[in-house]
$ cat final.cif   # mmCIF, C-alpha atoms
data_entry
#
loop_
_atom_site.label_atom_id
_atom_site.label_comp_id
_atom_site.auth_asym_id
_atom_site.auth_seq_id
_atom_site.Cartn_x
_atom_site.Cartn_y
_atom_site.Cartn_z
CA MET L 194 64.53 128.92 71.18
CA ARG L 195 67.58 127.17 72.59
CA THR L 196 67.60 123.39 72.11
CA GLY L 197 70.05 120.52 72.39
CA THR L 198 70.52 116.81 72.91
CA TRP L 199 72.45 115.29 75.78
CA SER L 200 72.97 111.66 76.78
CA ALA L 201 74.42 109.60 79.61
CA PRO L 202 75.29 105.90 79.76
CA GLY L 203 74.35 103.19 82.17
CA ARG L 204 77.20 101.47 83.92
CA VAL L 205 78.51 98.08 84.88
CA ASN L 206 80.71 97.71 87.93
CA ILE L 207 83.63 95.33 87.55
CA ILE L 208 84.13 95.21 91.29
CA GLY L 209 83.57 97.34 94.38
CA GLU L 210 79.95 96.80 95.42
CA HIS L 211 78.42 98.61 98.40
CA THR L 212 81.66 100.42 99.14
CA ASP L 213 80.98 103.95 97.89
CA TYR L 214 78.75 105.02 100.79
CA SER L 215 81.55 103.97 103.14
CA GLY L 216 84.01 106.32 101.40
CA GLY L 217 85.59 103.42 99.53
CA TYR L 218 86.65 102.36 96.06
CA ALA L 219 84.85 100.96 93.03
CA LEU L 220 85.85 100.05 89.49
CA PRO L 221 82.93 100.63 87.09
CA PHE L 222 82.82 101.54 83.43
CA ALA L 223 80.29 103.27 81.22
CA LEU L 224 78.16 101.11 78.95
CA ALA L 225 77.30 101.68 75.31
CA GLN L 226 73.59 101.76 76.27
CA ARG L 227 72.51 105.34 76.98
CA THR L 228 69.64 107.57 78.01
CA VAL L 229 69.12 110.39 75.53
CA VAL L 230 67.38 113.67 76.42
CA HIS L 231 66.22 116.06 73.71
CA ALA L 232 65.70 119.40 75.45
CA ARG L 233 64.21 122.81 74.70
CA LEU L 234 64.37 125.86 76.93
CA ARG L 235 61.14 127.43 78.10
CA ALA L 236 60.58 130.57 80.15
CA ASP L 237 57.40 129.93 82.16
CA GLY L 238 58.95 128.11 85.12
CA ARG L 239 57.64 124.67 84.18
CA ILE L 240 59.23 121.39 83.13
CA THR L 241 57.52 118.84 80.91
CA VAL L 242 58.96 115.37 80.43
CA ALA L 243 57.82 112.82 77.85
CA SER L 244 59.41 109.39 78.14
CA ASP L 245 59.10 106.57 75.64
CA GLY L 246 57.15 103.84 77.37
CA TYR L 247 56.47 105.79 80.59
CA GLY L 248 54.17 108.60 79.48
CA GLU L 249 54.37 112.29 80.29
CA VAL L 250 54.61 114.42 83.41
CA GLU L 251 54.61 118.18 84.00
CA PHE L 252 55.53 120.14 87.10
CA PRO L 253 56.87 123.54 88.24
CA VAL L 254 60.63 124.03 88.29
CA ALA L 255 60.46 124.34 92.07
CA THR L 256 58.83 121.32 93.73
CA ARG L 257 59.37 119.68 97.10
CA PRO L 258 60.24 116.02 97.76
CA GLY L 259 57.09 113.94 97.52
CA GLU L 260 55.27 116.24 95.10
CA VAL L 261 56.44 114.35 92.00
CA THR L 262 56.58 110.56 92.30
CA ASP L 263 57.37 107.45 90.27
CA TRP L 264 59.84 107.87 87.38
CA GLY L 265 59.18 111.63 87.19
CA ALA L 266 60.76 112.05 90.63
CA HIS L 267 64.18 111.40 89.11
CA VAL L 268 63.73 114.40 86.81
CA ALA L 269 62.05 116.67 89.35
CA GLY L 270 64.71 115.72 91.88
CA VAL L 271 67.50 116.94 89.61
CA ALA L 272 65.71 120.27 89.06
CA TRP L 273 65.14 120.53 92.82
CA ALA L 274 68.79 119.81 93.61
CA LEU L 275 69.97 122.33 91.02
CA GLY L 276 67.67 124.97 92.50
CA ARG L 277 68.86 124.21 96.00
CA SER L 278 72.44 124.73 94.82
CA GLY L 279 71.56 128.23 93.65
CA ALA L 280 70.83 127.62 89.96
CA ALA L 281 68.00 129.68 88.47
CA LEU L 282 66.01 127.47 86.11
CA SER L 283 63.45 129.00 83.75
CA GLY L 284 61.96 125.68 82.61
CA ALA L 285 62.39 123.07 79.89
CA ASP L 286 60.63 120.61 77.63
CA LEU L 287 62.37 117.22 77.78
CA ARG L 288 61.85 114.14 75.64
CA VAL L 289 63.56 111.03 76.98
CA HIS L 290 64.55 107.80 75.29
CA SER L 291 66.56 105.16 77.12
CA ALA L 292 68.29 102.00 75.91
CA VAL L 293 69.50 101.14 79.43
CA PRO L 294 67.48 98.15 80.72
CA HIS L 295 65.32 99.14 83.67
CA GLY L 296 65.71 97.17 86.89
CA ALA L 297 68.69 95.17 85.67
CA GLY L 298 71.28 96.69 88.01
CA LEU L 299 72.82 98.80 85.21
CA SER L 300 71.90 102.14 86.79
CA SER L 301 69.14 103.25 84.45
CA SER L 302 67.93 105.84 86.99
CA HIS L 303 71.34 107.49 87.31
CA SER L 304 71.69 107.45 83.55
CA LEU L 305 68.43 109.42 83.35
CA GLU L 306 69.44 111.81 86.11
CA CYS L 307 72.87 112.51 84.61
CA ALA L 308 71.39 113.17 81.16
CA VAL L 309 68.76 115.50 82.63
CA ALA L 310 71.35 117.30 84.77
CA LEU L 311 73.54 117.92 81.73
CA ALA L 312 70.55 119.08 79.67
CA LEU L 313 69.37 121.57 82.31
CA ASP L 314 72.95 122.73 82.86
CA GLY L 315 73.48 123.26 79.14
CA LEU L 316 70.14 124.96 78.45
CA HIS L 317 70.65 127.42 81.31
CA ASP L 318 74.39 128.04 80.76
CA LEU L 319 75.19 126.95 84.32
CA ASP L 320 78.62 125.57 83.39
CA LEU L 321 78.77 123.23 86.37
CA GLY L 322 81.76 120.94 86.80
CA ARG L 323 81.43 117.18 86.75
CA ASP L 324 82.19 117.02 90.47
CA GLN L 325 79.28 119.39 91.12
CA LEU L 326 76.96 117.32 88.94
CA VAL L 327 77.94 114.19 90.89
CA ARG L 328 76.65 115.81 94.08
CA ILE L 329 73.55 117.25 92.37
CA VAL L 330 72.55 113.77 91.25
CA GLN L 331 73.31 112.26 94.66
CA HIS L 332 71.15 114.87 96.40
CA ALA L 333 68.34 114.19 93.93
CA GLU L 334 68.53 110.44 94.65
CA ASN L 335 69.01 110.64 98.40
CA GLU L 336 66.77 113.53 99.37
CA TYR L 337 64.13 113.76 96.64
CA VAL L 338 63.71 110.22 95.34
CA GLY L 339 64.52 108.78 98.77
CA ALA L 340 67.09 106.20 97.63
CA PRO L 341 70.14 106.09 99.94
CA THR L 342 72.67 105.55 97.13
CA GLY L 343 76.30 106.64 96.98
CA VAL L 344 78.26 108.32 94.17
CA MET L 345 79.64 105.44 92.12
CA ASP L 346 76.85 105.19 89.56
CA GLN L 347 76.85 108.82 88.47
CA MET L 348 80.64 109.01 88.53
CA ALA L 349 80.84 106.08 86.13
CA SER L 350 78.29 107.74 83.85
CA LEU L 351 79.82 111.22 83.96
CA TYR L 352 83.51 110.25 83.81
CA GLY L 353 83.38 107.14 81.59
CA GLU L 354 85.82 106.72 78.72
CA ALA L 355 86.05 104.28 75.83
CA ASP L 356 88.28 101.29 76.63
CA ARG L 357 88.74 102.46 80.21
CA ALA L 358 87.39 101.45 83.57
CA ILE L 359 87.12 104.22 86.15
CA LEU L 360 88.72 103.88 89.58
CA VAL L 361 86.26 105.75 91.76
CA ASP L 362 87.45 107.11 95.08
CA ALA L 363 84.15 107.97 96.73
CA ARG L 364 85.70 109.93 99.59
CA HIS L 365 87.66 112.32 97.40
CA LEU L 366 85.33 112.21 94.37
CA THR L 367 88.19 111.33 92.05
CA ALA L 368 87.79 109.27 88.89
CA GLU L 369 90.98 107.75 87.49
CA PRO L 370 90.89 106.02 84.08
CA VAL L 371 92.33 102.50 84.04
CA PRO L 372 93.06 100.58 80.80
CA CYS L 373 90.37 97.94 80.32
CA GLU L 374 90.76 95.73 77.24
CA PHE L 375 88.82 92.48 77.31
CA ALA L 376 88.79 91.80 73.57
CA SER L 377 92.58 91.95 73.16
CA SER L 378 92.85 89.12 75.68
CA GLY L 379 90.27 86.98 73.86
CA LEU L 380 87.71 87.60 76.59
CA ASP L 381 84.17 88.90 76.89
CA LEU L 382 82.54 90.43 79.93
CA VAL L 383 78.98 89.17 79.67
CA ILE L 384 76.08 90.83 81.47
CA VAL L 385 73.39 88.32 82.37
CA ASP L 386 70.08 90.05 83.05
CA THR L 387 68.30 87.57 85.31
CA ARG L 388 64.96 89.39 84.85
CA SER L 389 64.58 89.30 88.63
CA ARG L 390 63.65 92.89 89.38
CA HIS L 391 65.06 94.68 92.39
CA ARG L 392 63.16 94.13 95.59
CA HIS L 393 64.18 97.14 97.71
CA ALA L 394 60.72 97.91 99.13
CA ASP L 395 61.61 96.50 102.52
CA GLY L 396 64.47 98.96 102.99
CA GLU L 397 67.22 96.36 102.99
CA TYR L 398 69.62 98.60 101.04
CA GLY L 399 69.17 101.42 103.51
CA ALA L 400 69.54 99.03 106.45
CA ARG L 401 72.97 97.96 105.22
CA ARG L 402 74.08 101.51 104.75
CA ARG L 403 73.03 102.37 108.30
CA THR L 404 74.81 99.33 109.70
CA CYS L 405 78.04 100.34 107.97
CA HIS L 406 77.85 103.91 109.27
CA GLU L 407 77.04 102.76 112.79
CA ALA L 408 79.90 100.26 112.72
CA ALA L 409 82.37 102.93 111.59
CA GLU L 410 81.13 105.19 114.37
CA SER L 411 81.54 102.49 116.99
CA LEU L 412 85.10 101.89 115.77
CA GLY L 413 85.88 105.61 116.00
CA LEU L 414 86.36 105.93 112.23
CA LYS L 415 85.02 108.33 109.63
CA ASP L 416 84.36 105.49 107.17
CA LEU L 417 84.98 101.77 106.93
CA ARG L 418 87.69 102.43 104.34
CA ASP L 419 89.80 103.60 107.31
CA VAL L 420 89.91 100.13 108.87
CA ALA L 421 93.62 99.31 109.05
CA ASP L 422 93.45 96.00 110.93
CA LEU L 423 90.39 93.99 109.92
CA ASP L 424 90.81 91.26 112.53
CA ASP L 425 91.07 93.84 115.30
CA ALA L 426 88.05 95.75 114.02
CA LEU L 427 85.92 92.61 113.83
CA ALA L 428 86.96 91.58 117.33
CA ARG L 429 85.74 94.93 118.66
CA LEU L 430 82.27 94.61 117.14
CA THR L 431 79.62 92.84 119.22
CA ASP L 432 76.87 92.63 116.59
CA PRO L 433 77.37 89.58 114.32
CA VAL L 434 75.50 91.34 111.50
CA ALA L 435 77.87 94.30 111.69
CA VAL L 436 80.81 91.88 111.63
CA ARG L 437 79.63 90.44 108.34
CA ARG L 438 78.92 93.82 106.76
CA VAL L 439 82.27 95.28 107.78
CA ARG L 440 84.15 92.21 106.59
CA HIS L 441 82.58 92.57 103.15
CA VAL L 442 83.31 96.28 102.76
CA VAL L 443 86.94 96.11 103.87
CA ARG L 444 87.77 93.07 101.76
CA GLU L 445 85.86 94.46 98.78
CA ASN L 446 87.91 97.65 98.86
CA ALA L 447 91.06 95.53 98.77
CA ARG L 448 89.69 93.55 95.81
CA VAL L 449 89.13 96.79 93.89
CA LEU L 450 92.74 97.87 94.33
CA ASP L 451 93.95 94.39 93.38
CA ALA L 452 91.81 94.52 90.22
CA VAL L 453 93.28 97.89 89.25
CA GLU L 454 96.78 96.49 89.46
CA LEU L 455 95.82 93.51 87.33
CA LEU L 456 94.32 95.73 84.63
CA ARG L 457 97.31 98.05 84.63
CA GLY L 458 99.56 95.03 84.22
CA GLY L 459 97.50 93.57 81.37
CA ARG L 460 96.60 90.54 83.49
CA VAL L 461 92.90 90.65 82.65
CA ARG L 462 92.31 86.91 83.01
CA GLU L 463 93.32 87.06 86.65
CA LEU L 464 90.26 89.18 87.43
CA GLY L 465 88.14 86.03 87.51
CA PRO L 466 88.85 84.85 91.07
CA LEU L 467 88.30 88.39 92.40
CA LEU L 468 84.86 88.51 90.81
CA THR L 469 83.88 85.15 92.29
CA ALA L 470 85.20 86.09 95.73
CA SER L 471 83.18 89.31 95.55
CA HIS L 472 80.00 87.36 94.82
CA ALA L 473 80.60 84.98 97.72
CA SER L 474 81.04 87.97 100.01
CA LEU L 475 77.90 89.69 98.74
CA ARG L 476 76.00 86.42 99.22
CA ASP L 477 77.32 85.39 102.62
CA ASP L 478 78.45 88.58 104.38
CA TYR L 479 76.30 91.26 102.78
CA GLU L 480 73.34 88.93 102.20
CA ILE L 481 71.89 90.70 99.16
CA THR L 482 71.69 87.96 96.54
CA VAL L 483 68.57 86.10 95.40
CA PRO L 484 68.32 82.60 93.89
CA GLU L 485 68.44 83.87 90.29
CA LEU L 486 71.75 85.62 90.94
CA ASP L 487 73.34 82.66 92.73
CA VAL L 488 72.18 80.17 90.11
CA THR L 489 73.62 82.35 87.34
CA VAL L 490 77.03 82.49 89.00
CA GLU L 491 77.08 78.77 89.73
CA ALA L 492 76.03 77.81 86.19
CA ALA L 493 78.49 80.21 84.55
CA LEU L 494 81.42 78.95 86.61
CA ALA L 495 80.49 75.32 85.98
CA ALA L 496 80.45 76.04 82.23
CA GLY L 497 83.95 77.52 82.25
CA ALA L 498 83.61 81.20 83.16
CA LEU L 499 86.81 82.59 84.67
CA GLY L 500 84.78 84.41 87.31
CA ALA L 501 81.30 85.78 87.94
CA ARG L 502 79.45 87.96 90.40
CA MET L 503 76.23 89.86 90.95
CA ILE L 504 76.31 93.61 90.27
CA GLY L 505 74.27 96.54 91.51
CA GLY L 506 72.31 97.02 94.68
CA GLY L 507 71.30 93.40 94.97
CA PHE L 508 67.96 91.63 95.61
CA GLY L 509 67.63 91.10 91.85
CA GLY L 510 69.22 92.47 88.71
CA SER L 511 72.22 91.21 86.77
CA VAL L 512 75.41 89.17 86.95
CA ILE L 513 78.67 89.72 85.10
CA ALA L 514 80.72 86.75 83.91
CA LEU L 515 84.26 86.95 82.54
CA VAL L 516 84.44 84.32 79.82
CA GLU L 517 86.65 83.13 77.00
CA ARG L 518 85.20 84.61 73.83
CA ALA L 519 85.23 81.19 72.16
CA GLY L 520 83.23 79.72 75.04
CA ARG L 521 80.71 82.51 75.56
CA LYS L 522 77.81 80.73 73.89
CA SER L 523 78.38 77.63 76.02
CA VAL L 524 78.25 79.70 79.20
CA GLU L 525 75.07 81.45 78.07
CA ALA L 526 73.46 78.11 77.16
CA ALA L 527 74.35 76.70 80.59
CA VAL L 528 72.69 79.65 82.33
CA GLU L 529 69.59 79.34 80.14
CA ASP L 530 69.35 75.62 80.92
CA ALA L 531 69.72 76.23 84.67
CA PHE L 532 66.95 78.82 84.54
CA ARG L 533 64.63 76.52 82.62
CA ARG L 534 65.13 73.71 85.09
CA ARG L 535 64.22 76.01 88.00
CA GLY L 536 61.30 77.71 86.32
CA PHE L 537 62.92 81.15 86.26
CA ALA L 538 62.19 83.75 83.58
CA GLU L 539 64.36 83.57 80.46
CA PRO L 540 67.58 85.55 81.03
CA GLY L 541 69.01 88.18 78.69
CA PHE L 542 72.64 88.50 77.62
CA HIS L 543 74.76 91.49 76.61
CA VAL L 544 78.49 91.82 76.02
CA ALA L 545 79.73 94.88 77.91
CA HIS L 546 82.19 97.30 76.30
CA PRO L 547 83.76 100.24 78.18
CA SER L 548 82.30 103.26 76.40
CA ARG L 549 82.27 107.05 76.41
CA GLY L 550 80.72 108.93 79.27
CA ALA L 551 77.93 111.48 79.44
CA GLY L 552 77.95 114.60 77.28
CA ARG L 553 76.27 116.74 74.68
CA ASP L 554 75.44 114.95 71.44
CA ARG L 555 74.32 117.99 69.44
#
$ encode --input "final.cif" --output "structure tokens"
Amino acid sequence: MRTGTWSAPGRVNIIGEHTDYSGGYALPFALAQRTVVHARLRADGRITVASDGYGEVEFPVATRPGEVTDWGAHVAGVAWALGRSGAALSGADLRVHSAVPHGAGLSSSHSLECAVALALDGLHDLDLGRDQLVRIVQHAENEYVGAPTGVMDQMASLYGEADRAILVDARHLTAEPVPCEFASSGLDLVIVDTRSRHRHADGEYGARRRTCHEAAESLGLKDLRDVADLDDALARLTDPVAVRRVRHVVRENARVLDAVELLRGGRVRELGPLLTASHASLRDDYEITVPELDVTVEAALAAGALGARMIGGGFGGSVIALVERAGRKSVEAAVEDAFRRRGFAEPGFHVAHPSRGAGRDR
């Protein structure tokens, strides 16, 4: 019986938040933490999934959105999207283990979906390209799971490379490696897991996506990345909420391109102000931060971080802080102290290293 092991990493996004669904740019990289799927082909048209810590679920290869829920929907959604694309799946037994923290804004769900997509592709000899897998995962998320996400997360996972960030062009589905060496500059990129879990139940993520699409439509544009004159575009918008959302997306796209030039020029330290400006924009214009995220950024900057910002969808999750390696412990201690004083949960810390992307392990 055909078997194999595939894995896919989580991701951290240096900059470029809430830009991908407006056809824009982002600059993520793949993390060392991965989701591993041990897979075995079966021929009875059923898929079983056993996940460490989450239990087991079984379902037919062909299900409809809503028939499999909770964490199993991410697996069933991939099978559904593959079937909708024309792939004939005979079934599989999957055992899942993930080291990507759940709910921390590090894309644990996309890590799972990418690993499952690769496993089902490999078991069934589908030989799909990475660009096809990007869309398969997006369809699973958007139409089966019901999360209105873009393409950045799965592109980071599928195209990641060691010691490289990935310039994602969401419109053209291109992924360009960019040198990304923190250690050689005496720096660490620290992920601070605030332990504040995402609060998306009220549809705030989807509301922002709709506002961006409606604003682009009212401006006569395909996407907000096509805004050539920001001041003119803002003057033409009558909704103050749309003004704030558009201002964030357009300026965030510009920050991504500026960050790419800094990395290419070896000017890693100069990323700091871009990160901090991104957080201010996400806080004030996109309005998706929560107190834990803001307190983390403020404490890190006060303790000497070169820059810091929230990452992920917002409303909880993690912050990245660019810090001098020699001062990392001081920054972490300052964040811990700020959390204690406010009665927040104890934060977690990880140093992020650009790592290899998704693939077959054996």
$ residues_near_point --input "final.cif" --point "(64.5, 95.7, 88.8)" --cutoff "9 Å" --atoms "all atoms listed in the file" --output "list in words"
Pro294, His295, Gly296, Ala297, Gly298, Arg388, Ser389, Arg390, His391, Arg392, Phe508, Gly509 and Gly510 of chain L
$ write_last_selection --input "final.cif" --atoms "C-alpha atoms" --output "PDB file, keeping the file's coordinate frame"
ATOM      1  CA  PRO L 294      67.480  98.150  80.720  1.00  0.00           C
ATOM      2  CA  HIS L 295      65.320  99.140  83.670  1.00  0.00           C
ATOM      3  CA  GLY L 296      65.710  97.170  86.890  1.00  0.00           C
ATOM      4  CA  ALA L 297      68.690  95.170  85.670  1.00  0.00           C
ATOM      5  CA  GLY L 298      71.280  96.690  88.010  1.00  0.00           C
ATOM      6  CA  ARG L 388      64.960  89.390  84.850  1.00  0.00           C
ATOM      7  CA  SER L 389      64.580  89.300  88.630  1.00  0.00           C
ATOM      8  CA  ARG L 390      63.650  92.890  89.380  1.00  0.00           C
ATOM      9  CA  HIS L 391      65.060  94.680  92.390  1.00  0.00           C
ATOM     10  CA  ARG L 392      63.160  94.130  95.590  1.00  0.00           C
ATOM     11  CA  PHE L 508      67.960  91.630  95.610  1.00  0.00           C
ATOM     12  CA  GLY L 509      67.630  91.100  91.850  1.00  0.00           C
ATOM     13  CA  GLY L 510      69.220  92.470  88.710  1.00  0.00           C
TER      14      GLY L 510
END
$ closest_residue --input "final.cif" --among "L:Ala501, L:Ala243, L:Leu321, L:Leu311" --to "L:Val385" --atoms "only C-alpha atoms"
L:Ala501
$ atom_distance --input "final.cif" --atom1 "atom CA of L:Ser215" --atom2 "atom CA of L:Leu464"
23.3 Å
$ residues_around --input "final.cif" --residues "L:Trp273" --least-positions-apart "4" --cutoff "7 Å" --atoms "only C-alpha atoms" --output "list in words"
Ala255, Thr256, Ala269 and Arg277 of chain L
$ residues_around --input "final.cif" --residues "stretch 425-440 of chain L" --least-positions-apart "3" --cutoff "9 Å" --atoms "only C-alpha atoms" --output "JSON, numbers by chain"
{"L": [401, 404, 405, 407, 408, 409, 411, 412, 417, 420, 421, 422, 443, 444, 445, 474, 477, 478, 479, 480]}
$ closest_atom_pairs --input "final.cif" --of "stretch 287-313 of chain L" --to "stretch 327-336 of chain L" --cutoff "8 Å" --atoms "all atoms listed in the file" --output "Markdown table"
| residue | atom | partner | partner_atom | distance |
| --- | --- | --- | --- | --- |
| L:His303 | CA | L:Val330 | CA | 7.5 |
| L:Glu306 | CA | L:Val330 | CA | 6.3 |
| L:Cys307 | CA | L:Val330 | CA | 6.8 |
| L:Ala310 | CA | L:Val330 | CA | 7.5 |
$ resolve_selection --input "final.cif" --expression "the PyMOL selection byres ((chain L and resi 459) around 10)" --output "list in words"
Pro372, Cys373, Glu374, Phe375, Ser377, Ser378, Val453, Glu454, Leu455, Leu456, Arg457, Gly458, Arg460, Val461, Arg462 and Glu463 of chain L
$ residues_around --input "final.cif" --residues "L:Arg233" --least-positions-apart "6" --cutoff "8 Å" --atoms "all atoms listed in the file" --output "list in words"
Met194, Arg195, Thr196, Gly197, Ala285, Asp286, Leu287 and Leu316 of chain L
$ atom_distance --input "final.cif" --atom1 "atom CA of L:Arg502" --atom2 "atom CA of L:Val338"
27.7 Å
$ atom_distance --input "final.cif" --atom1 "atom CA of L:Asp416" --atom2 "atom CA of L:Val449"
16.6 Å
$ resolve_selection --input "final.cif" --expression "the PyMOL selection byres ((chain L and resi 236) around 9)" --output "JSON, numbers by chain"
{"L": [234, 235, 237, 238, 239, 282, 283, 284, 285]}
$ closest_residue --input "final.cif" --among "L:Arg204, L:Arg323, L:Arg364, L:His406" --to "L:Ser350" --atoms "all atoms listed in the file"
L:Arg204
$ closest_residue --input "final.cif" --among "L:Ala545, L:Val293, L:Val242, L:Ala280" --to "L:Val309" --atoms "only C-alpha atoms"
L:Val242
$ resolve_selection --input "final.cif" --expression "the PyMOL selection byres ((chain L and resi 218) around 12)" --output "JSON, numbers by chain"
{"L": [206, 207, 208, 209, 210, 211, 212, 213, 214, 215, 216, 217, 219, 220, 221, 343, 344, 345, 348, 359, 360, 361, 362, 363, 364, 365, 366, 367, 368, 369, 416, 417, 418, 419, 442, 443, 444, 445, 446, 447, 448, 449, 450, 451, 452, 453]}
$ residues_around --input "final.cif" --residues "L:Glu491" --least-positions-apart "4" --cutoff "9 Å" --atoms "all atoms listed in the file" --output "JSON, numbers by chain"
{"L": [486, 487, 495, 496, 501, 528]}
